[in-house]
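Asks: This is the structure I have questions about; it appears just below.
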Amino acid sequence: MSQIKLVSDRCTGCGECIAACLYNAVTMENGLPIFGDACNLCGACAEACPSGAIEVLATAGKPAVDKTSYRDIWVFGETRDGQPAKVVLQLLGAGRSLADQTGQKLCAVLIGDNLGGLPELLIAHGADRVLLGEQPALAAFRDEPYTAVLASAVNQYRPSIILFGATAAGRSLAPRLAARLRTGLTADCTGLSIDRDSGDLLQTRPAFGGNIMAAIVTPNHRPQLATVRPGVLKPLQCDKLRQGEVIRLAIGDDLLAARTEVLGFTVAEGEAVNLEDASIIVAGGRGLGSAENFELVKELASLLGGAVGASRAAVDEGWISYAHQVGQTGKTVSPRLFIACGISGAIQHLVGMQGSEIIVAINKNPDAPIFKAATYGLIGDAPTILKELIAQLQSGA
Amino acid sequence: MNYFLTAEQKLIQQITRRFARERVAPVAAELDEKGEFPRKLLGVLAKTDLCGVSIPEAYGGLGEGIFGFCLVVEEISRVDSGVAICFAATGLGTIPLLLFGTEEQKQQYLPDVAAGKKLGAFALTEANAGSDSSAQETTAVRDGDYYVLNGTKQWITNGREADIYTVIAVTNKAKGARGISAFIVEKGTPGFSFGKKEQKMGIRASSTTGLIFNNCRVPGANLLAREGMGLIVALKTLDKSRPGVGAQAVGIAQGALDQAIKFARQRVQFGQPIIQFQAIQHMLADMATQTEAARALVYSVARTIDSGTKEISKASAMAKMFASDVAMRVTTDAVQVMGGAGYMKEYPVEKMMRDAKITQIYEGTNQIQRSVIASELIKERDEW
Amino acid sequence: MQIVVCIKQVPDTAEVKIDRETNTLIREGVPSIINPFDLHAVEEALLLRERFGGSVTLLSMGPPQVEAALREALSLGVDQAVLLSDRAFAGADTLATSYTLAAGIRKIGAFDLILCGKQAIDGDTAQVGPEIAEWLDIPHLTYVSSIDEIILAEPAKITVSRLIEGGYEQVRASLPVLLTVVRELNEPRLPSFRASLRARTQAIAAWGVADLDVDPERLGISGSPTRVNRIFVPEYDRQGQVFTGSPEDQAKALVVALRSARLI
């Protein structure tokens, strides 16, 4: 393939590229790697090559649009029960620093009905401007009209970046909009920054079930769309004195056409588990060994006034429900204190809690990867140490 | 060992193995604990087409004979023989139809069984007619176009869950063994009800109940073969179904052996995995050899039956007797290899040992099997 | 009902290991499987065919080895399968992928329903489904956890429940529609004997660029607005403090540390 090149005089035939290829696209012929049809230019082999012998050529390509005519950072202001979703405030927090870095404006886009008071709230959390699309037909989130309204606003105002929460709505709306605008979308970002040379948005996100991180850019198209995991970015402090402008979007009937209808909503039964808001989480994993031992996690959490979390292994064992799962396929949390008991620290789990302020790891395997992420490590039998902790805290020592 | 299976037979094995590992294994312990009938699992099996594995293609089955049937029973039994028996008892209950049914009777009942829509059961045993199967007391009295059934059957596998029952009953007491007949009776027929569900030592996922006939009117068209043929229907049926019990036993033995080896590899005592100790190794060697021998015998007999050979009583009895004795020995040894852990419900082998016992008892106790084998030996002429 | 199901062959990312020495992924020995969420989409298509009749067509895009995944799905009882394979498709991001799949669906013909899994376990983006719907100008609904009602008589409609934050949203859509589905929707069946035998020799249509009505600029790398700058295995190195000693000592030290951080 012409876009992936082997610098043969650097190649030592070590075969690291073959081992690293996630798609089985590399084979060895006469001591040199051949890149086959399955190659999708992900670059894992180039990363793994100890001799720098593989080059994935970013066909520089020419920009499809005049990038300089696209300015400002937008945040999709998803609402829930008349309030902005928590992730929106987090996006504004990150958006603020991106805006300050680039000297551009931060703008929140609010679409819905009866949105009184919300524009001011978003401005207080960092927005310079709020675009307001208020219409009865927009009261409930639906992909088609929301896509149409956003696309129309994009055509009018030409933002450089649009951020969405990686929520059910965000992950449904953003791709439809990306296809409408024929532009790039990066999902589930855990990191955002501006590339100093190109001015492009650098998006970091987990892939392969959380086993790897990918750094993605949209170099030639605008706007650059990204969905961001809730619980990863930090909101600004609410500043009621912040000033900003509110602009009403003109919404013609043609933008409101929809082939879906929201009929209702049923609250899910079972415990409401709010891990995202907890400032202390005590979590248990396979190393606890039994459902009985998992009870110690619950006891410690209760003593500390915290919430109970779990690794996927504990949930699969049936020791606790999925609502408590922290990780790639569970919740992302960033409490002040996260105590991981009997959790090995597989990347899929770390991705969900590594934003915690202080991480305590209790595990009897000194090589467990969790110790690399921990502020405090206790090597030992988790149930035994938990019992000690509980005893000491109870006696008020 | 390579048994030179056909592509179709390998496919049967593959699909059943996935069914057993992916769908049965996660719930086996719970089914055993609660004694719960695996209705949903049987529905999953039905969608694989395997419920009709031994039913001829003309009636909607796969036509893979007793061998195909044994493969399915063995693979499920490796994980849970209770679930396997829910499938196998239907086979037992429908073999009479296959052997003696008229074309009308076959067309009426077999397609639904092949599609997994209906389950079957075989009702021979009574309180006073166990090994002495001719001591039947259930009666079937002719009344116009009907037979009126009265009496009770005991310990019938798939009782209450099956839709189609092959019931053996006395039509003419004066004729003794020649006065017994076989009938097809459908669940829901007025006068046909069920006794309590028995609490068993093992195969607890299967439903075992009594059958109660109280002036139950069965259409004359439901008589199988002719009046007086009942015991022949029963014995010819058992000749064909006994390898299935053998297959169940082979599956249980293999499952227990697998668990014992897995455990012995990782259990460390005296500084090494116990699988390094000769005492354990010799036990495992014996278990593996016996299991393989049982499998080879069951497969050979199944192939012989499917080839159309008429004289199969001796071989069939041998397969059932040998394999079930092996299963009891192998499961007991598996518990022994695992020591205290083997005795705990947390590990699956104690259940396998409890499950194995019945294979030495039903479809003819192993004492009856030995008598069958001996009587065949006596009948055979000296070829020398 | 004419149903199209889009499936993807993926590496079993749950089985992927990390080489701690080189901090790279160990791909060897990781089997290729049908994306687990797609199996739920296939199952729902088969259930709907059992209820309403019609046919189920599988569609997938990828290199020739994807044919194995299509055969595996055929052994579940699907009617036919189409593979979109061409060098020109390689290196595609979600936009180019969805564009190509949409072109494939147009060539397959009229449909009532397109089913996709929630997301692929390698890319984890969940973007392709909604993007296909946009290219085809049909509505879409994501996170479908149950199909509650289908009316086939004109005006044809479908009512579903979507599993979203906090509960289930009931939504009605007109047909044709694209749905992405979650695990809760159903329990995928095992292969059936008859379908497995048939699948061994069943013809799988293979279409390349020449077979589709497409703009080459929208395919593969050229049609992909996003680029992967680099891939790395995340390394965590907080340089934490380790508490040693007996469990009692360790617990004591931790309590002191947490108290001084004013966390407890």
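To be explicit about the labels: the chains of the structure tokens are called A, B, and onward in the order shown, and within each one the residues are counted from 1, while ligands get numbers from 1 in the order they are shown.
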Would you kindly return, as a PyMOL selection string, each protein, DNA or RNA residue with an atom no farther than 12 Å from any atom of Tyr343 (chain B), considering only C-alpha atoms and excluding same-chain residues fewer than 2 positions away?

Replies: chain B and resi 331-341+345-354

Asks: Run DSSP on the backbone and give me the residues of region 189-320 of chain A it puts in helix (DSSP H, G or I), as number ranges by chain.

Replies: A: 253-256, 286-288, 291-304, 312-316

Asks: Should the cut-off be 12 Å, what would the residue list for chain C against chain B look like, counting only C-alpha atoms, as a list of chain:residue names?

Replies: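 Matching residues, ligands excluded from the count: C:Glu43, C:Leu46, C:Leu47, C:Glu50, C:Ser75, C:Leu76, C:Gly77, C:Glu187, C:Pro188, C:Arg189, C:Leu190, C:Pro191, C:Ser192, C:Phe193, C:Arg194, C:Ala195, C:Ser196, C:Leu197, C:Arg198, C:Arg200.
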
Asks: Using only C-alpha atoms, which residue out of C:Val256, C:Ala205, C:Leu39, C:Val214 lies closest to Val82 (chain C)?

Replies: C:Ala205

Asks: Pull out every residue of chain A that has at least one atom within 7 Å of chain C, counting only C-alpha atoms, and report them as an MDAnalysis selection string.

Replies: chainID A and resid 19:22 37:44 47:48 168 172 175:176 179:180 183:184 187 207:209 211:218 220:221 259:268 304 372:378 384:385 388:389

Asks: Residues of chain A within 12 Å of chain B, counting only C-alpha atoms - could you list those as a ChimeraX atom specification?

Replies: /A:290,316-318

Asks: Restricting the output to C-alpha atoms, write the selected residues as a short mmCIF file (atom, residue, chain, number, x, y, z; two decimals), in the first residue's frame.

Replies:
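Written output follows (selection25.cif):
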data_model
loop_
_atom_site.label_atom_id
_atom_site.label_comp_id
_atom_site.auth_asym_id
_atom_site.auth_seq_id
_atom_site.Cartn_x
_atom_site.Cartn_y
_atom_site.Cartn_z
CA SER A 290 -16.26 -14.14 47.08
CA ASP A 316 -19.60 -10.83 36.02
CA GLU A 317 -19.27 -12.93 39.18
CA GLY A 318 -22.66 -11.67 40.21
#

Asks: Which parts of region 38-212 of chain C does DSSP call strand (DSSP E) when run on the backbone here, written out as a PyMOL selection string?

Replies: chain C and resi 55-61+80-84+113-117+140-151+157-164+167-174+177-181+205-207
